Amino acid sequence: MTQETHDLALLSATELSALFRARKASPVEATRAVLAQIDALNPVINAFCWLDPEQALASARASEDRWQRGEPKSPLDGVTA
């Protein structure tokens with residue numbers, strides 16, 4: 001994967017989907033980038049009161065497997081919310 005991890009947290013759903021399709025980034029990388037952004041910013045903005053990083057990463061791994069098989073659930077499979 002070639003996309004800079006920190007940039008993935010800032011991309012649109014369309015951009016992430018295109019990177020997943022081209023295999024230039026993965027749902028796991030995108031999820032890790034978003035979790036890192038939350039870790040960095042949440043102490044200041046206090047936007048999240050509960051997170052489940054383990055489940056988020058498990059879901060991302062499942063999505064990544066589907067993309068690798070060429071069978072994503074939809075063009076948005078694995079896009080972080």
# chains A, B, ... in the order shown; residues from 1 in each chain; ligands from 1

call {"tool": "select_by_dssp", "arguments": {"residues": "range 36-68 of chain A", "states": "helix (DSSP H, G or I)", "output": "list in words"}}
result
Ala36, Gln37, Ile38, Asp39, Ala40, Leu41, Asn42, Pro43, Val44, Ile45, Pro53, Glu54, Gln55, Ala56, Leu57, Ala58, Ser59, Ala60, Arg61, Ala62, Ser63, Glu64, Asp65, Arg66, Trp67 and Gln68 of chain A

call {"tool": "closest_residue", "arguments": {"among": "A:Ala81, A:Asp7, A:Asp65, A:Lys73", "to": "Ala33 in chain A", "atoms": "only C-alpha atoms"}}
result
A:Asp7

call {"tool": "residues_around", "arguments": {"residues": "range 60-63 of chain A", "least_positions_apart": "2", "cutoff": "12 Å", "atoms": "only C-alpha atoms", "output": "CSV table (one decimal) with C-alpha atoms, in the first residue's frame"}}
result
chain,number,residue,atom,x,y,z
A,17,SER,CA,-13.2,3.7,-2.3
A,20,PHE,CA,-9.4,0.4,-2.1
A,21,ARG,CA,-10.4,-0.6,-5.6
A,25,ALA,CA,-4.8,1.6,0.5
A,26,SER,CA,-6.8,-0.7,2.6
A,27,PRO,CA,-9.8,-0.5,5.0
A,28,VAL,CA,-7.5,-1.5,7.8
A,29,GLU,CA,-5.1,1.4,7.0
A,30,ALA,CA,-8.0,3.8,6.8
A,31,THR,CA,-9.4,2.6,10.1
A,32,ARG,CA,-6.1,2.9,11.8
A,33,ALA,CA,-5.7,6.4,10.5
A,34,VAL,CA,-9.1,7.5,11.8
A,35,LEU,CA,-8.4,5.9,15.2
A,53,PRO,CA,-11.2,0.1,18.3
A,54,GLU,CA,-10.9,-3.7,18.3
A,55,GLN,CA,-14.3,-4.2,16.7
A,56,ALA,CA,-13.6,-1.4,14.2
A,57,LEU,CA,-10.3,-3.1,13.2
A,58,ALA,CA,-12.0,-6.5,13.0
A,65,ASP,CA,-10.5,-9.6,2.8
A,66,ARG,CA,-13.6,-8.9,0.6
A,67,TRP,CA,-11.8,-6.2,-1.4
A,68,GLN,CA,-8.8,-8.6,-1.9
A,69,ARG,CA,-11.2,-11.3,-3.2
A,70,GLY,CA,-12.9,-8.7,-5.5
A,71,GLU,CA,-16.2,-9.1,-3.6
A,72,PRO,CA,-16.8,-5.9,-1.6
A,73,LYS,CA,-20.3,-5.5,-0.2
A,74,SER,CA,-20.6,-2.2,-2.0
A,75,PRO,CA,-18.3,0.6,-3.3
A,76,LEU,CA,-18.3,2.0,0.2
A,77,ASP,CA,-17.3,-1.3,1.9
A,78,GLY,CA,-14.7,-0.4,4.5
A,79,VAL,CA,-15.0,3.4,4.3
A,80,THR,CA,-14.7,4.8,7.7
A,81,ALA,CA,-17.5,6.9,9.1

call {"tool": "atom_distance", "arguments": {"atom1": "CA of Asp52 in chain A", "atom2": "CA of Ala36 in chain A"}}
result
13.1 Å

call {"tool": "atom_distance", "arguments": {"atom1": "CA of Phe48 in chain A", "atom2": "CA of Leu16 in chain A"}}
result
22.7 Å

call {"tool": "atom_distance", "arguments": {"atom1": "CA of Asn42 in chain A", "atom2": "CA of Ala18 in chain A"}}
result
28.1 Å

call {"tool": "decode", "arguments": {"residues": "range 46-62 of chain A", "atoms": "all heavy atoms", "output": "compact mmCIF listing (two decimals), in the first residue's frame"}}
result
# COMPACT_ATOMS: atom_id res chain seq x y z
N ASN A 46 -13.18 16.42 22.71
CA ASN A 46 -14.08 15.56 23.47
C ASN A 46 -15.35 15.19 22.69
O ASN A 46 -16.46 15.28 23.20
CB ASN A 46 -14.43 16.21 24.81
CG ASN A 46 -14.95 15.21 25.81
OD1 ASN A 46 -14.58 14.06 25.78
ND2 ASN A 46 -15.80 15.66 26.69
N ALA A 47 -15.16 14.75 21.47
CA ALA A 47 -16.30 14.40 20.60
C ALA A 47 -16.78 12.97 20.80
O ALA A 47 -17.92 12.66 20.52
CB ALA A 47 -15.93 14.61 19.14
N PHE A 48 -15.91 12.09 21.28
CA PHE A 48 -16.26 10.68 21.44
C PHE A 48 -16.26 10.31 22.92
O PHE A 48 -15.30 10.60 23.63
CB PHE A 48 -15.27 9.77 20.70
CG PHE A 48 -15.32 9.93 19.21
CD1 PHE A 48 -14.53 10.86 18.56
CD2 PHE A 48 -16.17 9.13 18.46
CE1 PHE A 48 -14.58 10.99 17.18
CE2 PHE A 48 -16.24 9.27 17.09
CZ PHE A 48 -15.44 10.20 16.44
N CYS A 49 -17.32 9.68 23.36
CA CYS A 49 -17.34 9.20 24.74
C CYS A 49 -17.12 7.69 24.80
O CYS A 49 -16.81 7.15 25.86
CB CYS A 49 -18.65 9.59 25.43
SG CYS A 49 -20.11 8.91 24.67
N TRP A 50 -17.26 6.99 23.67
CA TRP A 50 -17.05 5.54 23.64
C TRP A 50 -16.55 5.13 22.27
O TRP A 50 -17.09 5.56 21.24
CB TRP A 50 -18.36 4.81 23.96
CG TRP A 50 -18.22 3.33 24.00
CD1 TRP A 50 -17.76 2.59 25.04
CD2 TRP A 50 -18.51 2.41 22.95
NE1 TRP A 50 -17.75 1.25 24.71
CE2 TRP A 50 -18.22 1.11 23.43
CE3 TRP A 50 -19.00 2.54 21.65
CZ2 TRP A 50 -18.39 -0.02 22.66
CZ3 TRP A 50 -19.16 1.40 20.89
CH2 TRP A 50 -18.86 0.14 21.40
N LEU A 51 -15.52 4.31 22.25
CA LEU A 51 -14.98 3.74 21.02
C LEU A 51 -14.74 2.26 21.23
O LEU A 51 -14.47 1.83 22.36
CB LEU A 51 -13.65 4.39 20.66
CG LEU A 51 -13.64 5.84 20.22
CD1 LEU A 51 -12.21 6.33 20.07
CD2 LEU A 51 -14.39 6.00 18.92
N ASP A 52 -14.78 1.50 20.15
CA ASP A 52 -14.45 0.09 20.20
C ASP A 52 -13.42 -0.18 19.09
O ASP A 52 -13.76 -0.73 18.03
CB ASP A 52 -15.70 -0.76 20.02
CG ASP A 52 -15.46 -2.24 20.28
OD1 ASP A 52 -14.28 -2.65 20.42
OD2 ASP A 52 -16.45 -2.98 20.34
N PRO A 53 -12.17 0.21 19.31
CA PRO A 53 -11.16 0.06 18.27
C PRO A 53 -10.97 -1.38 17.81
O PRO A 53 -10.75 -1.61 16.61
CB PRO A 53 -9.88 0.59 18.92
CG PRO A 53 -10.34 1.44 20.06
CD PRO A 53 -11.64 0.87 20.50
N GLU A 54 -11.07 -2.34 18.72
CA GLU A 54 -10.88 -3.73 18.33
C GLU A 54 -11.96 -4.18 17.34
O GLU A 54 -11.66 -4.85 16.35
CB GLU A 54 -10.89 -4.65 19.57
CG GLU A 54 -9.70 -4.44 20.49
CD GLU A 54 -9.84 -3.24 21.42
OE1 GLU A 54 -10.98 -2.77 21.64
OE2 GLU A 54 -8.81 -2.76 21.91
N GLN A 55 -13.21 -3.81 17.60
CA GLN A 55 -14.28 -4.17 16.67
C GLN A 55 -14.15 -3.41 15.35
O GLN A 55 -14.40 -3.98 14.28
CB GLN A 55 -15.65 -3.90 17.30
CG GLN A 55 -16.81 -4.29 16.40
CD GLN A 55 -16.78 -5.75 15.97
OE1 GLN A 55 -16.62 -6.64 16.79
NE2 GLN A 55 -16.91 -6.00 14.68
N ALA A 56 -13.75 -2.16 15.44
CA ALA A 56 -13.55 -1.38 14.21
C ALA A 56 -12.49 -2.04 13.33
O ALA A 56 -12.67 -2.17 12.11
CB ALA A 56 -13.17 0.05 14.55
N LEU A 57 -11.40 -2.46 13.94
CA LEU A 57 -10.33 -3.11 13.18
C LEU A 57 -10.75 -4.49 12.67
O LEU A 57 -10.38 -4.88 11.56
CB LEU A 57 -9.06 -3.20 14.01
CG LEU A 57 -8.35 -1.85 14.18
CD1 LEU A 57 -7.28 -1.95 15.25
CD2 LEU A 57 -7.77 -1.36 12.87
N ALA A 58 -11.54 -5.21 13.45
CA ALA A 58 -12.04 -6.51 12.98
C ALA A 58 -12.93 -6.33 11.76
O ALA A 58 -12.83 -7.08 10.78
CB ALA A 58 -12.80 -7.22 14.10
N SER A 59 -13.78 -5.34 11.80
CA SER A 59 -14.66 -5.04 10.65
C SER A 59 -13.83 -4.61 9.45
O SER A 59 -14.12 -5.00 8.31
CB SER A 59 -15.66 -3.96 11.01
OG SER A 59 -16.55 -4.41 11.99
N ALA A 60 -12.79 -3.83 9.69
CA ALA A 60 -11.92 -3.38 8.60
C ALA A 60 -11.19 -4.56 7.98
O ALA A 60 -11.03 -4.62 6.75
CB ALA A 60 -10.94 -2.33 9.12
N ARG A 61 -10.73 -5.49 8.81
CA ARG A 61 -10.05 -6.68 8.27
C ARG A 61 -11.00 -7.51 7.40
O ARG A 61 -10.61 -8.01 6.32
CB ARG A 61 -9.47 -7.52 9.40
CG ARG A 61 -8.18 -6.96 9.98
CD ARG A 61 -7.51 -7.92 10.94
NE ARG A 61 -8.24 -8.04 12.19
CZ ARG A 61 -8.11 -7.21 13.23
NH1 ARG A 61 -7.29 -6.19 13.16
NH2 ARG A 61 -8.81 -7.42 14.34
N ALA A 62 -12.23 -7.65 7.84
CA ALA A 62 -13.22 -8.39 7.04
C ALA A 62 -13.46 -7.69 5.70
O ALA A 62 -13.54 -8.34 4.65
CB ALA A 62 -14.52 -8.55 7.81
